[in-house]
file final_26.csv (CSV, C-alpha atoms)
chain,number,residue,atom,x,y,z
A,140,MET,CA,50.6,89.5,188.3
A,141,VAL,CA,53.6,91.6,189.2
A,142,VAL,CA,56.0,92.5,186.3
A,143,ALA,CA,59.6,93.0,187.1
A,144,VAL,CA,61.3,96.2,185.8
A,145,LYS,CA,64.5,95.6,183.9
A,146,VAL,CA,67.5,97.8,184.7
A,147,PHE,CA,70.8,97.7,182.9
A,148,LYS,CA,74.0,98.0,184.8
A,149,LYS,CA,77.8,98.2,184.1
A,150,SER,CA,80.8,98.6,186.4
A,151,ALA,CA,84.2,100.1,185.8
A,152,PRO,CA,87.1,97.7,185.4
A,153,ASN,CA,88.2,98.4,188.9
A,154,GLY,CA,84.7,97.9,190.3
A,155,LYS,CA,84.6,101.3,192.0
A,156,LEU,CA,81.8,102.8,189.9
A,157,THR,CA,78.6,101.1,188.8
A,158,VAL,CA,76.1,102.7,186.5
A,159,TYR,CA,72.4,101.8,186.2
A,160,LEU,CA,70.1,102.7,183.3
A,161,GLY,CA,66.4,102.0,183.0
A,162,LYS,CA,66.6,101.7,179.2
A,163,ARG,CA,69.1,101.9,176.4
A,164,ASP,CA,66.8,103.3,173.7
A,165,PHE,CA,65.7,107.0,174.0
A,166,ILE,CA,62.9,108.3,171.8
A,167,ASP,CA,63.0,111.5,169.9
A,168,HIS,CA,59.4,112.8,169.6
A,169,VAL,CA,60.5,115.5,167.1
A,170,ASP,CA,59.3,118.4,169.4
A,171,TYR,CA,61.2,117.0,172.4
A,172,CYS,CA,63.5,114.1,173.3
A,173,GLU,CA,63.5,111.8,176.3
A,174,PRO,CA,66.4,112.6,178.7
A,175,VAL,CA,69.1,110.0,179.6
A,176,ASP,CA,68.4,109.3,183.2
A,177,GLY,CA,70.4,106.9,185.4
A,178,VAL,CA,72.1,106.3,188.7
A,179,VAL,CA,75.7,105.7,189.6
A,180,VAL,CA,76.9,103.9,192.8
A,181,ILE,CA,80.3,105.2,194.0
A,182,ASP,CA,82.9,103.7,196.3
A,183,GLN,CA,83.5,106.7,198.6
A,184,GLU,CA,86.9,105.3,199.9
A,185,TYR,CA,88.3,105.2,196.3
A,186,LEU,CA,87.5,108.8,195.6
A,187,ARG,CA,89.8,110.4,198.2
A,188,GLY,CA,88.6,113.9,197.5
A,189,ARG,CA,88.2,113.4,193.7
A,190,LYS,CA,84.9,114.0,191.8
A,191,VAL,CA,82.7,112.0,189.5
A,192,PHE,CA,81.8,113.5,186.1
A,193,GLY,CA,79.4,112.4,183.4
A,194,GLN,CA,79.3,113.0,179.6
A,195,LEU,CA,76.9,112.4,176.8
A,196,VAL,CA,79.1,111.6,173.8
A,197,THR,CA,78.4,111.1,170.1
A,198,VAL,CA,80.8,109.6,167.5
A,199,TYR,CA,80.1,110.5,163.9
A,200,ARG,CA,82.1,108.2,161.6
A,201,TYR,CA,81.7,109.3,157.9
A,202,GLY,CA,84.6,107.4,156.3
A,203,ARG,CA,86.3,104.0,156.5
A,204,GLU,CA,88.8,103.5,159.3
A,205,GLU,CA,91.2,101.7,156.9
A,206,ASP,CA,91.3,104.7,154.7
A,207,GLU,CA,92.7,107.0,157.4
A,208,VAL,CA,96.3,107.9,156.5
A,209,MET,CA,98.8,110.5,157.5
A,210,GLY,CA,96.8,111.6,160.5
A,211,VAL,CA,93.5,112.3,158.5
A,212,LYS,CA,90.5,111.1,160.6
A,213,PHE,CA,87.1,110.3,159.1
A,214,SER,CA,85.4,110.4,162.4
A,215,LYS,CA,84.5,113.1,164.9
A,216,GLU,CA,83.8,112.6,168.6
A,217,MET,CA,81.7,115.3,170.3
A,218,VAL,CA,80.8,115.8,173.9
A,219,LEU,CA,77.2,117.0,173.8
A,220,THR,CA,76.7,117.6,177.5
A,221,LYS,CA,78.9,117.4,180.5
A,222,GLU,CA,78.1,117.6,184.2
A,223,GLN,CA,79.4,116.9,187.7
A,224,VAL,CA,77.6,113.8,189.1
A,225,TYR,CA,79.3,113.8,192.6
A,226,PRO,CA,79.4,115.9,194.6
A,227,MET,CA,76.0,116.8,193.4
A,228,VAL,CA,75.8,120.4,192.1
A,229,ASN,CA,72.0,120.5,192.5
A,230,SER,CA,71.1,118.4,195.6
A,231,LYS,CA,67.4,119.1,195.0
A,232,MET,CA,67.3,117.9,191.4
A,233,GLU,CA,64.0,116.4,190.3
A,234,MET,CA,64.3,112.6,189.9
A,235,THR,CA,62.3,110.3,187.6
A,236,PRO,CA,60.3,107.5,189.3
A,237,MET,CA,63.0,105.0,188.2
A,238,GLN,CA,65.8,107.0,189.7
A,239,GLU,CA,63.9,107.3,193.0
A,240,ARG,CA,63.4,103.6,193.2
A,241,LEU,CA,67.1,102.9,192.4
A,242,VAL,CA,68.4,105.5,194.8
A,243,LYS,CA,66.1,104.0,197.5
A,244,LYS,CA,67.2,100.4,196.7
A,245,LEU,CA,71.0,101.0,196.2
A,246,GLY,CA,71.6,103.1,199.3
A,247,GLU,CA,73.3,106.3,200.3
A,248,ASN,CA,76.2,105.9,197.8
A,249,ALA,CA,73.8,106.1,194.8
A,250,TYR,CA,73.6,109.4,192.9
A,251,PRO,CA,71.3,110.3,190.0
A,252,PHE,CA,72.3,111.9,186.8
A,253,THR,CA,70.4,113.3,183.8
A,254,PHE,CA,71.6,114.2,180.3
A,255,HIS,CA,69.6,116.0,177.6
A,256,PHE,CA,70.1,115.6,173.9
A,257,PRO,CA,70.6,118.9,172.0
A,258,ASN,CA,67.9,120.1,169.6
A,259,MET,CA,68.2,118.5,166.1
A,260,ALA,CA,70.6,115.9,167.4
A,261,PRO,CA,70.7,113.1,164.8
A,262,SER,CA,69.3,109.7,165.4
A,263,SER,CA,71.5,106.6,165.8
A,264,VAL,CA,72.3,105.1,162.4
A,265,THR,CA,74.8,102.5,161.4
A,266,LEU,CA,75.8,101.8,157.8
A,267,GLN,CA,76.3,98.1,157.4
A,268,ALA,CA,79.9,97.1,156.6
A,269,GLY,CA,80.7,94.7,153.7
A,270,GLU,CA,82.3,91.3,154.2
A,271,ASP,CA,85.8,92.6,153.4
A,272,ASP,CA,85.5,95.8,155.4
A,273,GLN,CA,87.5,96.2,158.6
A,274,GLY,CA,87.3,98.6,161.5
A,275,LYS,CA,84.3,100.4,162.9
A,276,PRO,CA,81.2,100.8,160.7
A,277,LEU,CA,80.1,104.3,159.5
A,278,GLY,CA,77.3,106.0,161.3
A,279,VAL,CA,76.2,107.9,164.3
A,280,GLU,CA,76.6,106.4,167.8
A,281,TYR,CA,75.8,107.7,171.3
A,282,SER,CA,77.2,106.7,174.6
A,283,ILE,CA,77.4,108.0,178.2
A,284,ARG,CA,80.7,108.1,180.0
A,285,ILE,CA,81.0,108.2,183.8
A,286,TYR,CA,84.5,108.7,185.2
A,287,VAL,CA,86.5,109.8,188.2
A,288,GLY,CA,88.8,112.8,188.1
A,289,GLU,CA,90.1,115.9,189.8
A,290,ASP,CA,88.3,118.1,187.2
A,291,SER,CA,86.2,117.6,184.1
A,292,GLU,CA,89.1,118.3,181.8
A,293,GLU,CA,91.4,115.6,183.3
A,294,LYS,CA,92.4,112.7,181.1
A,295,VAL,CA,90.0,109.8,181.4
A,296,HIS,CA,91.4,106.6,182.7
A,297,LYS,CA,89.9,103.3,181.5
A,298,ARG,CA,90.2,101.6,184.9
A,299,SER,CA,87.8,104.1,186.6
A,300,THR,CA,85.5,104.8,183.6
A,301,VAL,CA,82.1,103.3,182.7
A,302,GLY,CA,81.0,103.6,179.1
A,303,LEU,CA,77.6,102.5,178.0
A,304,MET,CA,76.3,102.5,174.4
A,305,ILE,CA,72.8,103.9,174.0
A,306,LYS,CA,70.5,104.7,171.0
A,307,LYS,CA,68.5,107.7,170.0
A,308,GLN,CA,65.5,106.8,167.9
A,309,GLN,CA,62.5,108.4,166.3
A,310,HIS,CA,59.1,106.7,166.3
A,311,ALA,CA,56.0,107.0,164.2
A,312,PRO,CA,53.2,109.4,165.1
A,313,ALA,CA,50.3,107.9,167.1
A,314,THR,CA,48.2,108.1,164.0
A,315,ARG,CA,49.4,107.4,160.4
A,316,GLY,CA,47.1,109.8,158.6
A,317,ARG,CA,44.9,109.1,155.7
A,318,ARG,CA,46.9,110.5,152.8
A,319,LEU,CA,47.7,108.0,150.1
A,320,PRO,CA,51.0,108.9,148.3
A,321,SER,CA,50.7,108.6,144.5
A,322,SER,CA,52.6,109.6,141.4
A,323,LEU,CA,51.4,109.9,137.7
A,324,VAL,CA,54.0,110.2,134.9
A,325,SER,CA,53.9,109.9,131.2
A,326,LYS,CA,56.4,109.1,128.5
A,327,GLY,CA,56.2,110.3,124.9
A,328,PHE,CA,58.4,109.1,122.0
A,329,THR,CA,60.1,111.2,119.4
A,330,PHE,CA,59.1,109.3,116.2
A,331,SER,CA,55.9,107.9,117.5
A,332,GLN,CA,52.5,109.3,118.5
A,333,GLY,CA,50.8,108.8,121.8
A,334,LYS,CA,52.1,108.3,125.4
A,335,ILE,CA,52.4,105.6,128.0
A,336,ASN,CA,50.9,106.6,131.3
A,337,LEU,CA,52.0,105.1,134.7
A,338,GLU,CA,50.2,105.8,137.9
A,339,VAL,CA,51.4,104.3,141.2
A,340,THR,CA,49.5,104.6,144.5
A,341,LEU,CA,50.5,103.3,147.9
A,342,ASP,CA,47.9,102.2,150.5
A,343,ARG,CA,49.4,104.5,153.2
A,344,GLU,CA,52.1,107.0,153.9
A,345,VAL,CA,53.7,105.6,157.0
A,346,TYR,CA,54.7,101.9,157.3
A,347,TYR,CA,56.1,100.1,160.3
A,348,HIS,CA,59.2,97.9,160.1
A,349,GLY,CA,58.2,94.4,158.8
A,350,GLU,CA,55.0,95.5,157.2
A,351,LYS,CA,54.3,94.8,153.5
A,352,ILE,CA,54.1,97.7,151.2
A,353,SER,CA,51.2,97.6,148.8
A,354,ALA,CA,51.5,99.5,145.5
A,355,ASN,CA,48.7,99.7,143.1
A,356,ILE,CA,50.0,100.1,139.5
A,357,VAL,CA,47.9,101.4,136.6
A,358,VAL,CA,49.5,101.3,133.1
A,359,THR,CA,47.7,102.9,130.1
A,360,ASN,CA,49.4,102.4,126.8
A,361,ASN,CA,48.2,105.1,124.3
A,362,SER,CA,51.4,104.9,122.3
A,363,ARG,CA,52.7,102.6,119.6
A,364,LYS,CA,55.3,101.0,121.8
A,365,THR,CA,54.9,97.8,123.9
A,366,VAL,CA,55.6,97.4,127.6
A,367,LYS,CA,57.8,94.3,128.0
A,368,SER,CA,58.0,94.0,131.8
A,369,ILE,CA,57.5,95.8,135.1
A,370,LYS,CA,60.0,96.2,137.9
A,371,CYS,CA,59.3,97.4,141.5
A,372,PHE,CA,61.9,98.4,144.1
A,373,VAL,CA,62.0,99.7,147.6
A,374,VAL,CA,64.8,102.3,147.7
A,375,GLN,CA,66.6,103.5,150.8
A,376,HIS,CA,68.2,107.0,150.3
A,377,CYS,CA,71.1,108.1,152.6
A,378,GLU,CA,72.6,111.5,152.8
A,379,VAL,CA,75.8,111.8,154.8
A,380,THR,CA,75.8,115.5,155.8
A,381,MET,CA,79.4,115.8,156.9
A,382,VAL,CA,80.8,115.1,153.4
A,383,ASN,CA,77.7,116.1,151.4
A,384,ALA,CA,77.4,112.6,150.0
A,385,GLN,CA,74.2,110.9,148.8
A,386,PHE,CA,73.6,107.3,147.7
A,387,SER,CA,70.6,105.0,147.3
A,388,LYS,CA,70.2,101.2,147.8
A,389,HIS,CA,67.6,98.8,146.6
A,390,ILE,CA,66.4,96.9,149.7
A,391,ALA,CA,63.6,94.9,148.2
A,392,SER,CA,62.7,94.2,144.5
A,393,LEU,CA,60.6,92.2,142.1
A,394,GLU,CA,60.3,91.9,138.3
A,395,THR,CA,57.3,90.5,136.6
A,396,ARG,CA,55.9,90.0,133.1
A,397,GLU,CA,52.4,89.4,134.4
A,398,GLY,CA,50.0,91.1,132.0
A,399,CYS,CA,52.9,91.8,129.6
A,400,PRO,CA,53.4,92.6,126.9
A,401,ILE,CA,51.1,95.6,127.3
A,402,THR,CA,50.3,96.3,123.6
A,403,PRO,CA,49.2,99.6,122.1
A,404,GLY,CA,45.8,100.6,123.2
A,405,ALA,CA,45.8,98.2,126.2
A,406,SER,CA,45.8,98.9,129.9
A,407,PHE,CA,46.9,97.0,133.0
A,408,THR,CA,46.0,97.3,136.7
A,409,LYS,CA,47.6,95.3,139.5
A,410,SER,CA,48.7,95.5,143.1
A,411,PHE,CA,52.2,94.4,144.0
A,412,PHE,CA,53.6,93.7,147.5
A,413,LEU,CA,57.1,94.2,148.8
A,414,VAL,CA,58.5,93.7,152.3
A,415,PRO,CA,61.8,95.6,153.1
A,416,LEU,CA,63.7,93.8,155.9
A,417,ALA,CA,67.1,94.1,157.4
A,418,SER,CA,67.4,90.3,157.5
A,419,SER,CA,67.1,90.2,153.7
A,420,ASN,CA,70.0,92.6,153.3
A,421,LYS,CA,72.7,91.1,155.5
A,422,ASP,CA,76.3,91.7,154.5
A,423,ARG,CA,75.2,94.3,151.9
A,424,ARG,CA,77.6,97.2,152.3
A,425,GLY,CA,76.0,100.6,152.9
A,426,ILE,CA,72.6,99.5,154.1
A,427,ALA,CA,71.5,101.9,156.9
A,428,LEU,CA,70.4,100.2,160.1
A,429,ASP,CA,68.8,101.5,163.3
A,430,GLY,CA,72.0,101.3,165.3
A,431,HIS,CA,73.6,97.9,166.1
A,432,LEU,CA,73.3,97.2,169.8
A,433,ARG,CA,71.6,93.9,169.2
A,434,ASP,CA,72.3,92.4,165.8
A,435,GLU,CA,69.3,90.1,166.2
A,436,ASP,CA,66.8,92.9,166.8
A,437,VAL,CA,68.1,95.4,164.4
A,438,ASN,CA,65.8,97.1,161.9
A,439,LEU,CA,66.4,99.1,158.8
A,440,ALA,CA,67.1,102.7,159.7
A,441,SER,CA,63.9,104.7,160.3
A,442,SER,CA,63.0,107.7,158.1
A,443,THR,CA,64.4,111.0,159.4
A,444,MET,CA,61.6,113.1,160.9
A,445,ILE,CA,62.0,116.9,160.9
A,446,SER,CA,60.3,119.2,163.3
A,447,GLU,CA,57.8,121.7,161.9
A,448,GLY,CA,59.4,124.8,160.5
A,449,LYS,CA,62.7,123.0,159.7
A,450,SER,CA,63.9,121.4,156.5
A,451,HIS,CA,66.1,118.4,155.7
A,452,SER,CA,69.0,120.9,155.0
A,453,ASP,CA,68.9,121.8,158.7
A,454,ALA,CA,69.3,118.1,159.8
A,455,MET,CA,72.7,116.6,160.8
A,456,GLY,CA,74.2,113.2,160.8
A,457,ILE,CA,72.8,110.7,158.3
A,458,ILE,CA,69.5,111.6,156.8
A,459,ILE,CA,67.3,108.6,155.8
A,460,SER,CA,64.3,108.5,153.4
A,461,TYR,CA,62.5,105.8,151.4
A,462,SER,CA,60.6,105.6,148.1
A,463,LEU,CA,58.9,102.9,146.0
A,464,ARG,CA,60.3,102.9,142.5
A,465,VAL,CA,58.5,101.5,139.5
A,466,LYS,CA,60.1,101.0,136.1
A,467,LEU,CA,58.4,100.0,132.8
A,468,ASN,CA,60.6,98.4,130.2
A,469,CYS,CA,59.4,99.7,126.9
A,470,GLY,CA,61.8,97.8,124.7
A,471,THR,CA,65.3,98.5,123.3
A,472,LEU,CA,64.3,101.7,121.4
A,473,GLY,CA,61.5,102.8,123.8
A,474,GLY,CA,63.7,102.9,126.9
A,475,GLU,CA,62.2,103.0,130.4
A,476,LEU,CA,59.5,104.9,132.2
A,477,GLN,CA,60.2,105.4,135.9
A,478,THR,CA,58.6,107.0,138.9
A,479,ASP,CA,59.3,107.2,142.6
A,480,VAL,CA,56.7,107.5,145.4
A,481,PRO,CA,58.1,108.6,148.8
A,482,PHE,CA,56.9,107.0,152.0
A,483,LYS,CA,58.1,106.8,155.6
A,484,LEU,CA,59.4,103.6,157.4
A,485,LEU,CA,59.2,103.9,161.2
A,486,THR,CA,59.0,102.1,164.5
A,487,PRO,CA,55.5,102.0,166.0
A,488,ALA,CA,54.8,104.6,168.7
A,489,PRO,CA,54.7,103.3,172.3
A,490,GLY,CA,51.2,102.4,173.4
A,491,THR,CA,49.8,101.5,170.0
A,492,VAL,CA,48.6,98.0,169.2
A,493,GLU,CA,51.3,97.6,166.6
A,494,ARG,CA,54.0,98.4,169.2
A,495,GLU,CA,52.6,95.8,171.6
A,496,ARG,CA,52.7,93.2,168.9
A,497,VAL,CA,56.4,94.1,168.1
A,498,ASN,CA,57.2,93.9,171.8
A,499,ALA,CA,55.6,90.5,172.1
A,500,MET,CA,57.6,89.2,169.2
A,501,LYS,CA,60.8,90.6,170.7
A,502,LYS,CA,60.0,89.0,174.1
A,503,MET,CA,59.5,85.6,172.5
A,504,LYS,CA,62.9,85.9,170.7
A,505,SER,CA,64.5,87.1,174.0
A,506,ILE,CA,63.3,84.1,175.9
A,507,GLU,CA,64.7,81.8,173.2
A,508,ARG,CA,68.0,83.7,173.0
A,509,HIS,CA,68.9,84.5,176.6
A,510,ARG,CA,69.6,81.4,178.7
A,511,TYR,CA,72.2,82.9,180.9
A,512,GLU,CA,71.5,83.2,184.6
A,513,ASN,CA,74.8,84.5,185.8
A,514,SER,CA,74.7,87.8,184.0
A,515,HIS,CA,71.6,89.0,185.8
A,516,TYR,CA,69.9,88.6,189.1
A,517,ALA,CA,66.4,89.5,190.3
A,518,ASP,CA,65.3,91.0,193.6
A,519,ASP,CA,61.6,89.9,194.0
A,520,ASP,CA,61.0,92.4,196.8
A,521,ASP,CA,61.4,95.4,194.6
A,522,ASN,CA,60.6,93.7,191.3
A,523,ILE,CA,63.7,95.1,189.7
A,524,VAL,CA,65.9,92.9,187.4
A,525,PHE,CA,69.5,94.0,186.8
A,526,GLU,CA,71.0,93.0,183.5
A,527,ASP,CA,74.7,93.4,182.7
A,528,PHE,CA,75.9,95.3,179.6
A,529,ALA,CA,78.2,92.3,178.9
A,530,ARG,CA,76.9,92.0,175.4
A,531,LEU,CA,77.4,95.7,174.6
A,532,ARG,CA,81.2,96.0,174.9
A,533,MET,CA,82.5,99.3,173.5
A,534,ASN,CA,85.9,100.7,172.9
A,535,GLU,CA,86.6,102.9,175.9
A,536,PRO,CA,89.3,105.5,176.1
A,537,GLU,CA,92.6,104.4,177.6

call {"tool": "encode", "arguments": {"input": "final_26.csv", "output": "structure tokens"}}
result
Amino acid sequence: MVVAVKVFKKSAPNGKLTVYLGKRDFIDHVDYCEPVDGVVVIDQEYLRGRKVFGQLVTVYRYGREEDEVMGVKFSKEMVLTKEQVYPMVNSKMEMTPMQERLVKKLGENAYPFTFHFPNMAPSSVTLQAGEDDQGKPLGVEYSIRIYVGEDSEEKVHKRSTVGLMIKKQQHAPATRGRRLPSSLVSKGFTFSQGKINLEVTLDREVYYHGEKISANIVVTNNSRKTVKSIKCFVVQHCEVTMVNAQFSKHIASLETREGCPITPGASFTKSFFLVPLASSNKDRRGIALDGHLRDEDVNLASSTMISEGKSHSDAMGIIISYSLRVKLNCGTLGGELQTDVPFKLLTPAPGTVERERVNAMKKMKSIERHRYENSHYADDDDNIVFEDFARLRMNEPE
């Protein structure tokens, strides 16, 4: 069976430029990042001696748009890389297999381009807006911009510009490792002898989106207090580096009185399961998501991975981390005993069985969701399917 290759395309408003991309999601493997490779088809008669330029652009929005007053902006647009696409500066540039197929198929007016992400460039993250919020959501976005001009510094005109939103993502390592994260804490009381011990152990360190998190909880009560109830939370921690702001959100929770009260001298052991999902946190302001190109397919933001030799203080953008939090309610006078166990929430690596399962589920959803035939067409000879960026409209410069 021959499988068609999907290629995304978008044209400028005047139809004189058309950009083709083999994919919209580009993977950061920590030690290197996939380049943005595509092809642009140019109407030579329209150029009249002008050139075609390309940019890789990121927009970092760290404050609400409605709070911008007196010229103060809470966003920063940065051009990460810039190059001349036509005339080609390097006529012998090495092309990827997809670029070679597209150039061969689209003809002599097709020209390849390649952009590279800088080292330590942040991943695409969107902070979910609340029901009453207006304007663009907070987060980090990437796009490529192809435009016509006399030189690269000339003002960009919307009619001859193509802007395409893309995502930069980090995936889980090929193997998850065997380390089991755990935490052991104790709580003593001023006017009472003995302590309450709480031990929490997770069944793995790396979880994939949609997987249930298993936490084994062991409570040993050597005090004179009584444990009234147990609460478990999955906590998403966000750090916005531009303004040095940090906040946390509960994205899954449960409270139980099973085995309670845990009286003095007693112990309790139980495994609890939680499943953090983006679909369970819709319309909750401040929840970090993995970009927002497709609302139906969006996941919670993946944990930020740092290359060896670097620390979280070196990272930029929005840094994401997760932990499982357990609280024991020891009564009005006893207070609470709390511990956090960190873990990583990531997208399965390409080629793994888990990734194939995720792709199969997305394909089923895609078949049900996309019933439009006019927005794409297939050429069976080359097994390439062209799909418009119609659902990915972005605010382009005037």

call {"tool": "closest_residue", "arguments": {"input": "final_26.csv", "among": "A:Ile335, A:Leu186, A:Cys172, A:Leu303", "to": "Glu289 (chain A)", "atoms": "only C-alpha atoms"}}
result
A:Leu186

call {"tool": "atom_distance", "arguments": {"input": "final_26.csv", "atom1": "CA of Glu338 (chain A)", "atom2": "CA of Val324 (chain A)"}}
result
6.5 Å

call {"tool": "residues_around", "arguments": {"input": "final_26.csv", "residues": "Glu222 (chain A)", "least_positions_apart": "2", "cutoff": "7 Å", "atoms": "all atoms listed in the file", "output": "VMD selection string"}}
result
chain A and resid 192 to 194 220 224

call {"tool": "closest_residue", "arguments": {"input": "final_26.csv", "among": "A:Lys231, A:His255, A:Lys307, A:Lys483", "to": "Asp167 (chain A)", "atoms": "only C-alpha atoms"}}
result
A:Lys307

call {"tool": "closest_atom_pairs", "arguments": {"input": "final_26.csv", "of": "region 284-400 of chain A", "to": "region 453-470 of chain A", "cutoff": "8 Å", "atoms": "all atoms listed in the file", "output": "Markdown table"}}
result
| residue | atom | partner | partner_atom | distance |
| --- | --- | --- | --- | --- |
| A:Val339 | CA | A:Val465 | CA | 7.8 |
| A:Lys364 | CA | A:Cys469 | CA | 6.7 |
| A:Thr365 | CA | A:Cys469 | CA | 5.7 |
| A:Val366 | CA | A:Cys469 | CA | 4.5 |
| A:Lys367 | CA | A:Asn468 | CA | 5.4 |
| A:Ser368 | CA | A:Asn468 | CA | 5.4 |
| A:Ile369 | CA | A:Leu467 | CA | 4.9 |
| A:Lys370 | CA | A:Lys466 | CA | 5.1 |
| A:Cys371 | CA | A:Val465 | CA | 4.6 |
| A:Phe372 | CA | A:Arg464 | CA | 5.0 |
| A:Val373 | CA | A:Leu463 | CA | 4.7 |
| A:Val374 | CA | A:Ser462 | CA | 5.4 |
| A:Gln375 | CA | A:Tyr461 | CA | 4.7 |
| A:His376 | CA | A:Ser460 | CA | 5.2 |
| A:Cys377 | CA | A:Ile459 | CA | 5.0 |
| A:Glu378 | CA | A:Ile458 | CA | 5.1 |
| A:Val379 | CA | A:Ile457 | CA | 4.7 |
| A:Thr380 | CA | A:Gly456 | CA | 5.7 |
| A:Met381 | CA | A:Gly456 | CA | 7.0 |

call {"tool": "closest_residue", "arguments": {"input": "final_26.csv", "among": "A:Pro320, A:Gly202, A:Pro312, A:Pro251", "to": "Pro236 (chain A)", "atoms": "all atoms listed in the file"}}
result
A:Pro251

call {"tool": "atom_distance", "arguments": {"input": "final_26.csv", "atom1": "CA of Val144 (chain A)", "atom2": "CA of Gln308 (chain A)"}}
result
21.2 Å

call {"tool": "residues_around", "arguments": {"input": "final_26.csv", "residues": "Glu292 (chain A)", "least_positions_apart": "2", "cutoff": "12 Å", "atoms": "all atoms listed in the file", "output": "mmCIF file with C-alpha atoms, in the frame of the given file"}}
result
data_model
loop_
_atom_site.group_PDB
_atom_site.id
_atom_site.type_symbol
_atom_site.label_atom_id
_atom_site.label_comp_id
_atom_site.auth_asym_id
_atom_site.auth_seq_id
_atom_site.Cartn_x
_atom_site.Cartn_y
_atom_site.Cartn_z
ATOM 1 C CA LYS A 190 84.900 114.000 191.800
ATOM 2 C CA VAL A 191 82.700 112.000 189.500
ATOM 3 C CA PHE A 192 81.800 113.500 186.100
ATOM 4 C CA GLY A 193 79.400 112.400 183.400
ATOM 5 C CA GLN A 194 79.300 113.000 179.600
ATOM 6 C CA VAL A 218 80.800 115.800 173.900
ATOM 7 C CA LYS A 221 78.900 117.400 180.500
ATOM 8 C CA GLU A 222 78.100 117.600 184.200
ATOM 9 C CA GLN A 223 79.400 116.900 187.700
ATOM 10 C CA TYR A 286 84.500 108.700 185.200
ATOM 11 C CA VAL A 287 86.500 109.800 188.200
ATOM 12 C CA GLY A 288 88.800 112.800 188.100
ATOM 13 C CA GLU A 289 90.100 115.900 189.800
ATOM 14 C CA ASP A 290 88.300 118.100 187.200
ATOM 15 C CA LYS A 294 92.400 112.700 181.100
ATOM 16 C CA VAL A 295 90.000 109.800 181.400
ATOM 17 C CA HIS A 296 91.400 106.600 182.700
#

call {"tool": "closest_residue", "arguments": {"input": "final_26.csv", "among": "A:Val158, A:Leu266, A:Ile445, A:Ile181", "to": "Lys421 (chain A)", "atoms": "all atoms listed in the file"}}
result
A:Leu266

call {"tool": "atom_distance", "arguments": {"input": "final_26.csv", "atom1": "CA of Gly425 (chain A)", "atom2": "CA of Gln267 (chain A)"}}
result
5.2 Å

call {"tool": "closest_residue", "arguments": {"input": "final_26.csv", "among": "A:Ser322, A:Thr157, A:Ser331, A:Asn438", "to": "Asp182 (chain A)", "atoms": "only C-alpha atoms"}}
result
A:Thr157

call {"tool": "closest_residue", "arguments": {"input": "final_26.csv", "among": "A:Ser442, A:Thr253, A:Thr408, A:Thr340", "to": "Ala311 (chain A)", "atoms": "only C-alpha atoms"}}
result
A:Ser442
